[in-house]
Each structure stands twice: as C-alpha cells, then as structure tokens.
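Novice: I have a structure I would like to understand better, so I am pasting it below and will then ask my questions one at a time.
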Amino acid sequence: MLMQEIMTLIQDPAAWVALITLVVMEVVLGIDNLIFISILTNKLPPEHREKARKIGIGLALVMRLALLGTIAWIVQLTEPLFEAFGHGFSWKDLILIAGGLFLVWKATKEIHHSVDPEDHGEDFIASSATTGFASAIGQILLLDLVFSVDSIITAVGMTPHLPIMVVAVVVAVTVMLVAATPLANFIERNPTIVMLALAFLLMIGTTLIAEGMGFHVPKGYVYAAMAFSALVEVLNMFARNARKRKRKRDAAH
C-alpha cells in the first residue's frame with residue numbers, strides 16, 4: 001500500500017511541487033536551529049565540537065521522524081487546552097512560549113558575557129569538557145523539540161502525504177548537517193557575527209513567544225530582516241578587510 005502511494009506520488013507533478021516547497025520551508029525553518037547549535041557548540045573544546053553538532057542534528061532528525069509517526073497526536077497539539085487573555089492556549093502554544101523564553105534567556109546571557117567578558121560567574125557551559133558536552137547536548141535537545149514541533153505542524157499544514165513529509169525532513173536535516181561546521185567556523189572567525197547571531201536568536205525567541213500568545217508574525221518579515229542584517233554585516237566585513245589591506249600597503253611603503 002505504501003509503495004503504491006509512493007509510486008503514485010512520483011508520477012504526480014503536484015507532489016513534486018509540494019515536495020520542493022516543503023523542502024525549502026524546512027530548510028528555512030532549520031536556520032534558527034542551526035544558528036543555535038553553531039553558537040552553543042563553539043563554546044565547547046575544539047575536539048568536542050564536531051561530535052556535538054552531529055549528535056545535535058542527528059537528534060533533530062530522529063525527533064522529527066518520530067513526530068511524523070504520531071501525526072494524529074501532533075495535530076491534537078493545536079487544540080485549545082484553556083483560555084486566557086482572550087486566547088485559547090494549546091500545547092503547541094505552550095511549547096513555543098517555553099522555547100521562546102529559553103532562547104531569549106540564552107541569547108541575553110550570551111550577549112551579557114560578550115559585553116562583559118570578565119564576568120564568568122554565570123557561564124552556561126561548565127569549564128569541564130564532560131559537563132560542558134552533556135550540557136550542550138541537553139540544551140540542543142530541548143530546542144530540537146521546540147523547532148521539531150513547529151516544523152512538523154508546518155509540514156502537516158502543507159501536505160497530507162507522509163512520504164513527502166519524510167523526504168522533506170531528511171533533505172532539510174541533511175542540509176543542516178552539511179552546513180553546520182562551515183557556519184560554526186565562520187561565526188568563530190568573525191566575532192561581530194556572534195553578536196549578530198545572538199540578536200537573531202533573541203528575535204526568534206521573541207517571535208516564538210508572540211506566536212504562542214496568539215500574535216501571528218509572518219515568517220517572511222523575520223527572515224527578510226535577518227537577511228538584510230546579515231548583508232549589512234557582510235558589507236562591514238568587506239570594508240574592514242579593505243581598510244586592513246590599505247594599512248598594510250601604507251606600512252609597506
């Protein structure tokens with residue numbers, strides 16, 4: 001029965017359009033998760049970073065595939081549990097609010113440590129490599145859950161076909177796996193990018209809280225703002241590099 005459905009979908013142009021659209025959506029939604037993983041794993045000793053990224057992204061894949069197997073339950077997460085402030089709160093809303101608060105707290109602490117590097121009293125990664133690794137994996141797992149629920153509910157809303165959802169999730173997570181190390185290395189090489197990425201996480205956390213409270217924030221506006229900010233930072237990097245080259249030439253003469 002499943003093979004018959006797959007063969008039917010392969011021959012259906014509409015199914016291919018749905019697959020491509022869903023893959024793009026899943027990759028875009030995965031950017032948030034990837035930025036968090038990159039910043040968090042860069043706090044670990046160099047020998048543990050690659051392993052932590054692979055485990056974190058692997059857990060994201062396992063969690064999303066597991067949630068796809070419980071679609072009937074996932075759909076029920078959008079049903080209101082109680083009403084407050086004129087809004088019916090569902091399990092999805094509560095998960096988004098909790099994840100948003102976690103991101104806001106995490107980004108705020110990291111911004112504080114970046115602004116005041118002398119204050120290490122509240123560093124969220126312990127100095128011990130073992131404790132730090134376990135702490136990083138635990139936090140990645142927590143955010144994986146939040147982003148996975150949001151990702152799967154988005155997928156369910158876009159197509160009723162489970163094979164398309166599975167393929168889209170696998171492709172999106174594979175892209176995350178390939179991009180994780182280059183992105184983390186780029187962030188580490190450019191300190192100003194760290195602050196920009198933390199600002200992104202702060203904005204994403206605020207957006208999750210707003211979504212959970214019933215205020216719909218179009219994702220297109222959020223990602224457009226992130227893309228514009230990233231473009232400005234890239235131009236700043238080019239300008240800084242040009243000034244460095246000019247100073248070197250002037251010193252050589």
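Labeling convention for the structure tokens: chains A, B, ... as they appear, residues from 1 per chain, ligands from 1 in order of appearance.
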According to DSSP computed on the backbone, where in stretch 42-146 of chain A is there strand (DSSP E)? Give the residues as a list in words.

Specialist: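 Restricting stretch 42-146 of chain A to strand (DSSP E) produces Pro80, Leu81, Phe82, Glu83, Ala84, His87, Gly88, Phe89 and Ser90 of chain A.
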
Novice: Next, dump the selected residues to file, keeping only N, CA and C atoms, as a CSV table (one decimal), in the first residue's frame.

Specialist:
chain,number,residue,atom,x,y,z
A,80,PRO,N,-7.1,23.9,21.6
A,80,PRO,CA,-7.0,24.7,22.9
A,80,PRO,C,-7.2,23.9,24.1
A,81,LEU,N,-6.4,24.1,25.1
A,81,LEU,CA,-6.5,23.5,26.4
A,81,LEU,C,-7.2,24.4,27.4
A,82,PHE,N,-6.9,25.7,27.4
A,82,PHE,CA,-7.6,26.6,28.2
A,82,PHE,C,-7.5,28.0,27.6
A,83,GLU,N,-8.3,28.9,28.1
A,83,GLU,CA,-8.4,30.3,27.5
A,83,GLU,C,-7.9,31.3,28.5
A,84,ALA,N,-7.1,32.2,28.1
A,84,ALA,CA,-6.6,33.3,28.9
A,84,ALA,C,-6.3,34.5,28.0
A,87,HIS,N,-7.4,34.4,24.4
A,87,HIS,CA,-6.7,33.5,23.5
A,87,HIS,C,-6.8,32.1,24.1
A,88,GLY,N,-7.1,31.1,23.2
A,88,GLY,CA,-7.1,29.7,23.6
A,88,GLY,C,-5.8,29.1,23.5
A,89,PHE,N,-5.1,28.7,24.6
A,89,PHE,CA,-3.8,28.2,24.6
A,89,PHE,C,-3.8,26.7,24.3
A,90,SER,N,-3.0,26.2,23.4
A,90,SER,CA,-2.8,24.8,23.1
A,90,SER,C,-1.5,24.3,23.6

Novice: Which residues come within 12 Å of A:Leu201, counting only C-alpha atoms, excluding same-chain residues fewer than 2 positions away, as a PyMOL selection string?

Specialist: chain A and resi 31-40+99-111+143+194-199+203-208+222-223+226

Novice: What is the atom CA of A:Pro191-atom CA of A:Pro45 distance in Å, reported with one decimal?

Specialist: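 One can read the atom CA of A:Pro191 to atom CA of A:Pro45 distance as 17.2 Å.
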
Novice: Contacts of A:Arg240 at 12 Å or less, counting only C-alpha atoms, minus same-chain residues fewer than 6 places along, as a PDB file with C-alpha atoms, in the first residue's frame?

Specialist:
ATOM      1  CA  ASN A 190      34.202  36.662  12.836  1.00  0.00           C
ATOM      2  CA  THR A 192      30.969  40.529  15.187  1.00  0.00           C
ATOM      3  CA  GLU A 233      27.356  42.828   8.310  1.00  0.00           C
ATOM      4  CA  VAL A 234      28.968  41.245   5.214  1.00  0.00           C
ATOM      5  CA  LYS A 246      45.212  49.612   2.843  1.00  0.00           C
ATOM      6  CA  ARG A 247      47.017  49.950   6.178  1.00  0.00           C
TER       7      ARG A 247
END

Novice: Would you mind telling me which residue in A:Leu177, A:Ala168, A:Ala210, A:Ile193 lies nearest to A:Ile20 when using only C-alpha atoms?

Specialist: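 When distances to A:Ile20 are compared using only C-alpha atoms, the smallest one comes from A:Ala168.
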
Novice: Select, from A:Gly138, A:Ala179, A:Val166, A:Ala242, the residue with the minimum atom-to-atom distance to A:Ile152, counting only C-alpha atoms.

Specialist: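 Among the listed residues, the smallest separation from A:Ile152 belongs to A:Val166.
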
Novice: If I take atom CA of A:Leu29 and atom CA of A:Ser114, how far is one from the other in Å, to one decimal?

Specialist: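 Those two atoms sit 26.4 Å apart.
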